[in-house]
Protein chains: 4
Amino acid sequence: MRPLTALAVASLALATALPAAEPRARDLGIPFDFGAPGPLNAITDVPGVEVGQVTLVEGAHVRTGVTAVLPRGRGDAARRPAFAGYFSLNGNGEMTGLPWLEEAGVLDGPVLVTNTNSVGVVRDAVIAYAARRWPVAGDGWTVWSLPVVAETWDGGLNDIYGMHVKAEHAWQALDRASGGPVAEGNVGGGTGMVCFEWKCGIGTASRALGKTSGGYTVGVLVQANFGARYQARVAGVPVGQEIGGGRRGREETGSIIVVVATDAPLLPHQLKRLARRAALGLARTGSVAGNGSGDLFVAFSTANPEAGAAEGVVDLKMLPNDRMDRLFEATVGATEEAIVNALVAGRTMTGHDGRTVPSIDHAQLQAVLRKYGRLAR
Amino acid sequence: MRPLTALAVASLALATALPAAEPRARDLGIPFDFGAPGPLNAITDVPGVEVGQVTLVEGAHVRTGVTAVLPRGRGDAARRPAFAGYFSLNGNGEMTGLPWLEEAGVLDGPVLVTNTNSVGVVRDAVIAYAARRWPVAGDGWTVWSLPVVAETWDGGLNDIYGMHVKAEHAWQALDRASGGPVAEGNVGGGTGMVCFEWKCGIGTASRALGKTSGGYTVGVLVQANFGARYQARVAGVPVGQEIGGGRRGREETGSIIVVVATDAPLLPHQLKRLARRAALGLARTGSVAGNGSGDLFVAFSTANPEAGAAEGVVDLKMLPNDRMDRLFEATVGATEEAIVNALVAGRTMTGHDGRTVPSIDHAQLQAVLRKYGRLAR
Amino acid sequence: MRPLTALAVASLALATALPAAEPRARDLGIPFDFGAPGPLNAITDVPGVEVGQVTLVEGAHVRTGVTAVLPRGRGDAARRPAFAGYFSLNGNGEMTGLPWLEEAGVLDGPVLVTNTNSVGVVRDAVIAYAARRWPVAGDGWTVWSLPVVAETWDGGLNDIYGMHVKAEHAWQALDRASGGPVAEGNVGGGTGMVCFEWKCGIGTASRALGKTSGGYTVGVLVQANFGARYQARVAGVPVGQEIGGGRRGREETGSIIVVVATDAPLLPHQLKRLARRAALGLARTGSVAGNGSGDLFVAFSTANPEAGAAEGVVDLKMLPNDRMDRLFEATVGATEEAIVNALVAGRTMTGHDGRTVPSIDHAQLQAVLRKYGRLAR
Amino acid sequence: MRPLTALAVASLALATALPAAEPRARDLGIPFDFGAPGPLNAITDVPGVEVGQVTLVEGAHVRTGVTAVLPRGRGDAARRPAFAGYFSLNGNGEMTGLPWLEEAGVLDGPVLVTNTNSVGVVRDAVIAYAARRWPVAGDGWTVWSLPVVAETWDGGLNDIYGMHVKAEHAWQALDRASGGPVAEGNVGGGTGMVCFEWKCGIGTASRALGKTSGGYTVGVLVQANFGARYQARVAGVPVGQEIGGGRRGREETGSIIVVVATDAPLLPHQLKRLARRAALGLARTGSVAGNGSGDLFVAFSTANPEAGAAEGVVDLKMLPNDRMDRLFEATVGATEEAIVNALVAGRTMTGHDGRTVPSIDHAQLQAVLRKYGRLAR
């Protein structure tokens, strides 16, 4: 057995700090629209979806990581493609694998998110992982040959040019993937991320549709790293302007990656429709998708196990377009909530070059919402 | 001279009812973000842009019309194409002329909006208008050969299958185009339109950027016809849920066309960026872009008079991408405000088959905003 | 019964002139790649597909018409949407209905092709036709509310600004739709069209896949109106340069609409893939998709009768991406052949302003191919 | 000074084998359309464009490499973005950096091509290269932060899972970039590539437009790795069928990356138009863009040095759309010729697992063309 490196130990230590005791947005009394969340209020409420995260916090300068979302979990079902679609609201970012996702209508494997300068190493690592785990015969391709890896920029808190993410971190994120609660805030790819000039990072939320709407679940995971202070809105309330601070007029340079999962049987063109709705959830938090923001969204469906079949003629299920409105609402609501969850979960961090980014003060946030009549008890 | 028909008389009567005396959203104390409007708070604040509207209200069943937006006014400059880009947030609608707008990056002529079933007659009428006004020699094309005509559905209040819009109405809308204040609510293409189950229609707004941001103007005109009551938000406040009414759970079947104008020197790919931001303004009013909604947005720039030159190598100006953030904010803010203006301007109407759609009660709207601490004095 | 107008009589006379006696490209010994055609070598080899055409040739100036392709024929199945996708190789043209086709992944009704200035009248006529035939209750939409109507420019031979196509012509094209052989050349929407400066028009072809490839059929119909003489290639041979003539260096101003039909169970994103292959077939005839050319392609599948269902969760079939290569070849081959069929079927025509466009000389074409060792037999 | 590794030595040895003595397609008498090439008949005919290649041939299993194209050369001008556009004909491949290229309309830095499994390492290496060469102050981004790196699959001849491409190879390719002749065939990223089941690789060609067309140059570089034997066409002649061999009916699994360069002052949306024309050049060689093929094309313009300016309002030049036809032809012609050049330059290679891929026999190719009357001279 290969001994754990110092980095990996640091990562594990953080990863095992379960988020259970930490209040999430709803715990603070923040109201959200469009139905009720699933049991975990997380992307993992969609059956089969698993998340694995590796957090790299080391010394004064390393504040980064990797988060992996596996549509069909980390078992052998992971080799089965899932129907998928994407939307680029503002393409100042990277998400590899898009030409094939668009062409074939499938996500061949997992989605990983990390920092901007580590997209490549993570991308190649995904191929190596698959090739080792499911060896190919002859000169064939492995599964996962065109990996989907996205990023946001953590160069404010992380020594991003130090290239601290290694292939083994991507492998660990994949190996650790599981269902259950998802750590939020300063974890995984979100470790060094910042929203509205407050500490931010990974966030998640979900919506469980009622029986008459098919009983489907929509889950969202975000790596959130966007926004100028004065733009911030929570529950429609201009909290950024109320709390103040931030460098007004400064260009927005962050980004947000949104991963939308559902078990509703949607085809690729319908999943593009879901992906586009993530923009509407983002807008409700005050974003204008600034020029410097890489706002890239991907949506997939865990239904239709034969989505990526190579042989025969396969049987599929499809939810008609006319029945998608509740899914659209769920996506908008869960995206908005996942972002606020990321913000609420962020913890003040000092990193690269001694820069410190504060978390939002929960009591202050509640006070502002109360002033505007928007704090649920 | 051809005598005016009864329809045309009715139209003129309405069109001359200037909107001056009617309160607009800001007059009611509704706050909006992202800077100050131009002098008219209308798309016509962008120098050169003209709007012409024909309103058809006749007997019990005709409640429709045509609205024309001319990027370079109705004079001979109208033959000069303007750089343009579009975005389809939800394509359950029609906007003709998109293949060429996308390919060439220009809007060859005006944008007209009308009801769904009249797109064709208006489209051909634009060609006929141009061919008559600027005859071509030999077997050439006229200008405006691939017109941009969009629609929303007024079949609730209008006898839409009666096909009451005629070519002459499109011609009148073009001939009447002018700068100055723009009538809102039950006028032009917006005559029979409905938002959040309240009477709605045409709305407009603008933002004037400060000198340090280039001093540009962004103007927006919407034909708004979307939304379920419970979704409605004004200034971040859930006014739809507060006021109530509406048929909860009913599918949203409306649509919204957004026309964004600016004098900032933007290239076609940058105007797509503006068009996409209209979605974020729409989201702030509570829309989730329901399946039945045709949410199509077009943006153009009045700069670069040589945008559509046929000969030589032309000189252009471009505002760098890095300087677009204020334009993004302006587009988000003006789109949100134009929609609320359309809602505020809507007047209770009874139409086809005796159906009545009420306007939103201004006092009640103000009361709700006051309750949530969001009414400006 | 409404008496036939003179125009309609002229149309019927032409339409009943069956193409049986006329040689098609294969009859001349021109070789084509990628498998064997179906029994008719026409789009109507795809079971259920029907074509109706109205040809308007009257006096010295009227040379135009309408061609309708109905994916599921003209019976009540016509109300069932078919999965579809499109591609704009060069968008200097019009195809209405694209936002919804892209969004929903379906073609709601027929595809009609006509001249540039008549797209609107035909578009509204399709709505009126459907509303009359399948009346809607209450304030609902009819089927076919966002019609797909495309065009090419026949202003060289036709008095295109005379707007001679009327709603009734579109209705006739729909009413006459049938399976069986499809008239080619100077018929329907292709009446006044020109390719490589020879008379051209409507063309069609098909490929029948072998059993091991699923036994599917791909059928193509083109309205072809593109190309400069020197560009023309037939079977890889530079026939345009060999035969000569034409105005070298002149800008290409024509266009081509391609309709691809198949009974293979393809999803919308896969039908986009087929539509894109039409470009490759076009390229084999020498086209470079000139700036003035409106090269718009639409592909649909007649499989999956529930493609446009509004309720429930529907069962679908899908052919895997990995099995599409034969369909790609079939599309490339049938598009190339349909274009050459249109060229071979074109007959010398004198029209508007006394202009005459000659047909290609069959014997001369054969001689050139023989010289290059490319004439079969 | 860092000592050269064995790999680098092998690479240098190959790279210094100039292609001068080797016949190219025109030298064999193969005719091409659409004007005359520039002096080098290479992408480097476009002033300023530089190409650097690293070839890795080592032992029995390593047959791969990296090719870099620098729009503005490797000097400090390399930091200036160039307007660009892309097209995915068949997205079964990877090209990173597309979201920002599409959004901003620029190529921020070079385009690199390598094998499928090495895209990530090359991508991160480009960032590291730029950061080292042009250090950033504070927490800013370096130039080249979202690199464009594309691939085709060399797993038939190369031990692709051995991940033999390292960051230093990407750096060498960048450092070696120069104008002048471009090595073709088994070099750089093309080292292990195969077309129509013959050895293939890198190819290049150009077209120099006449004075009346503006005197612009279009240059193309391809990494060609596609096609089944029976599909192959050269100069319109079915050489694949004539020469025979190949595994008929086998799925096409290759790919082609096309880089189109021009000094014509084109805007981003116009460069998309050029990129799309690469598909038409590809089609002329017989390709149907099979399902397994990653056919991704990028076009850039070296004009407009201010394309990526961050401040002020910049002056640009634009060639009108109406003047693009000669550029379209040049792109089609140069793409076709670059592919045939790659095929002609390919040399028989034995690689991974002892597999051998033969080159096409030049005399046999000439004999076939002569038979079909298509050999010049």
# chains A, B, ... in the order shown; residues from 1 in each chain; ligands from 1

call {"tool": "interface_residues", "arguments": {"of": "chain B", "to": "chain C", "cutoff": "6 Å", "atoms": "only C-alpha atoms", "output": "PDB file with C-alpha atoms, in the first residue's frame"}}
result
ATOM      1  CA  GLY B  91     -37.441  28.987 -28.144  1.00  0.00           C
ATOM      2  CA  ASN B  92     -41.169  28.398 -27.929  1.00  0.00           C
ATOM      3  CA  THR B  96     -37.649  35.346 -38.263  1.00  0.00           C
ATOM      4  CA  PRO B  99     -29.996  32.627 -39.715  1.00  0.00           C
ATOM      5  CA  TRP B 100     -28.706  35.760 -41.420  1.00  0.00           C
ATOM      6  CA  GLU B 103     -24.230  34.559 -39.975  1.00  0.00           C
ATOM      7  CA  GLY B 120     -45.763  36.077 -41.788  1.00  0.00           C
ATOM      8  CA  VAL B 121     -47.850  38.953 -43.065  1.00  0.00           C
ATOM      9  CA  ARG B 123     -42.516  39.780 -42.454  1.00  0.00           C
ATOM     10  CA  ASP B 124     -43.491  39.969 -46.118  1.00  0.00           C
ATOM     11  CA  ASP B 139     -32.633  41.392 -60.416  1.00  0.00           C
ATOM     12  CA  GLY B 155     -55.032  34.467 -28.292  1.00  0.00           C
ATOM     13  CA  GLY B 156     -56.556  34.945 -24.849  1.00  0.00           C
TER      14      GLY B 156
END

call {"tool": "residues_around", "arguments": {"residues": "Asn41 in chain A", "least_positions_apart": "5", "cutoff": "12 Å", "atoms": "only C-alpha atoms", "output": "PyMOL selection string"}}
result
chain A and resi 24-27+35-36+46+180-184+203-208+217-221+330+333-335+337-338+341

call {"tool": "residues_around", "arguments": {"residues": "Ala307 in chain B", "least_positions_apart": "2", "cutoff": "8 Å", "atoms": "only C-alpha atoms", "output": "ChimeraX atom specification"}}
result
/B:80-83,106,304-305,309,316

call {"tool": "select_by_dssp", "arguments": {"residues": "range 142-327 of chain C", "states": "alpha helix (DSSP H)", "output": "number ranges by chain"}}
result
C: 167-175, 239-243, 268-283, 325-327

call {"tool": "residues_around", "arguments": {"residues": "Val259 in chain D", "least_positions_apart": "4", "cutoff": "10 Å", "atoms": "only C-alpha atoms", "output": "list in words"}}
result
Ile43, Val69, Tyr86, Val111, Leu112, Val113, Thr204, Gly219, Val220, Leu221, Val222, Gln223, Ala275, Ala278, Leu296, Phe297, Val298, Ala299, Phe300 and Thr335 of chain D

call {"tool": "select_by_dssp", "arguments": {"residues": "range 13-116 of chain D", "states": "strand (DSSP E)", "output": "number ranges by chain"}}
result
D: 50-58, 62-70, 82-91, 106-107, 111-115

call {"tool": "residues_around", "arguments": {"residues": "Gly190 in chain C", "least_positions_apart": "6", "cutoff": "9 Å", "atoms": "only C-alpha atoms", "output": "count of residues only"}}
result
20

call {"tool": "atom_distance", "arguments": {"atom1": "CA of Glu306 in chain D", "atom2": "CA of Gly109 in chain B"}}
result
29.2 Å

call {"tool": "atom_distance", "arguments": {"atom1": "CA of Pro268 in chain C", "atom2": "CA of His269 in chain A"}}
result
7.1 Å

call {"tool": "atom_distance", "arguments": {"atom1": "CA of His164 in chain D", "atom2": "CA of Ala130 in chain D"}}
result
22.2 Å

call {"tool": "residues_around", "arguments": {"residues": "Phe328 in chain A", "least_positions_apart": "6", "cutoff": "7 Å", "atoms": "only C-alpha atoms", "output": "PDB file with all heavy atoms, in the first residue's frame"}}
result
ATOM      1  N   LEU A 274     -32.495  22.472 -19.004  1.00  0.00           N
ATOM      2  CA  LEU A 274     -32.230  22.571 -17.556  1.00  0.00           C
ATOM      3  C   LEU A 274     -30.982  23.408 -17.307  1.00  0.00           C
ATOM      4  O   LEU A 274     -30.962  24.283 -16.435  1.00  0.00           O
ATOM      5  CB  LEU A 274     -32.010  21.192 -16.947  1.00  0.00           C
ATOM      6  CG  LEU A 274     -33.206  20.337 -16.550  1.00  0.00           C
ATOM      7  CD1 LEU A 274     -32.848  19.442 -15.369  1.00  0.00           C
ATOM      8  CD2 LEU A 274     -34.439  21.148 -16.233  1.00  0.00           C
ATOM      9  N   ARG A 277     -31.485  26.990 -17.313  1.00  0.00           N
ATOM     10  CA  ARG A 277     -32.212  27.534 -16.137  1.00  0.00           C
ATOM     11  C   ARG A 277     -31.289  27.827 -14.963  1.00  0.00           C
ATOM     12  O   ARG A 277     -31.645  28.603 -14.072  1.00  0.00           O
ATOM     13  CB  ARG A 277     -33.317  26.578 -15.683  1.00  0.00           C
ATOM     14  CG  ARG A 277     -34.680  26.876 -16.308  1.00  0.00           C
ATOM     15  CD  ARG A 277     -34.658  26.671 -17.778  1.00  0.00           C
ATOM     16  NE  ARG A 277     -35.836  27.153 -18.475  1.00  0.00           N
ATOM     17  CZ  ARG A 277     -35.990  27.008 -19.784  1.00  0.00           C
ATOM     18  NH1 ARG A 277     -35.067  26.408 -20.508  1.00  0.00           N
ATOM     19  NH2 ARG A 277     -37.077  27.491 -20.372  1.00  0.00           N
TER      20      ARG A 277
ATOM     21  N   VAL B 288     -39.189  31.618 -14.753  1.00  0.00           N
ATOM     22  CA  VAL B 288     -38.312  30.460 -14.934  1.00  0.00           C
ATOM     23  C   VAL B 288     -38.256  30.058 -16.408  1.00  0.00           C
ATOM     24  O   VAL B 288     -37.753  28.991 -16.742  1.00  0.00           O
ATOM     25  CB  VAL B 288     -38.748  29.237 -14.084  1.00  0.00           C
ATOM     26  CG1 VAL B 288     -38.713  29.593 -12.604  1.00  0.00           C
ATOM     27  CG2 VAL B 288     -40.108  28.725 -14.504  1.00  0.00           C
TER      28      VAL B 288
END

call {"tool": "residues_around", "arguments": {"residues": "Val313 in chain D", "least_positions_apart": "4", "cutoff": "7 Å", "atoms": "only C-alpha atoms", "output": "mmCIF file with C-alpha atoms, in the first residue's frame"}}
result
data_model
loop_
_atom_site.group_PDB
_atom_site.id
_atom_site.type_symbol
_atom_site.label_atom_id
_atom_site.label_comp_id
_atom_site.auth_asym_id
_atom_site.auth_seq_id
_atom_site.Cartn_x
_atom_site.Cartn_y
_atom_site.Cartn_z
ATOM 1 C CA LYS B 317 -14.599 50.890 -33.351
ATOM 2 C CA MET B 318 -14.804 48.279 -30.618
ATOM 3 C CA LEU B 319 -15.268 48.513 -26.903
ATOM 4 C CA PRO B 320 -13.054 45.814 -25.346
#
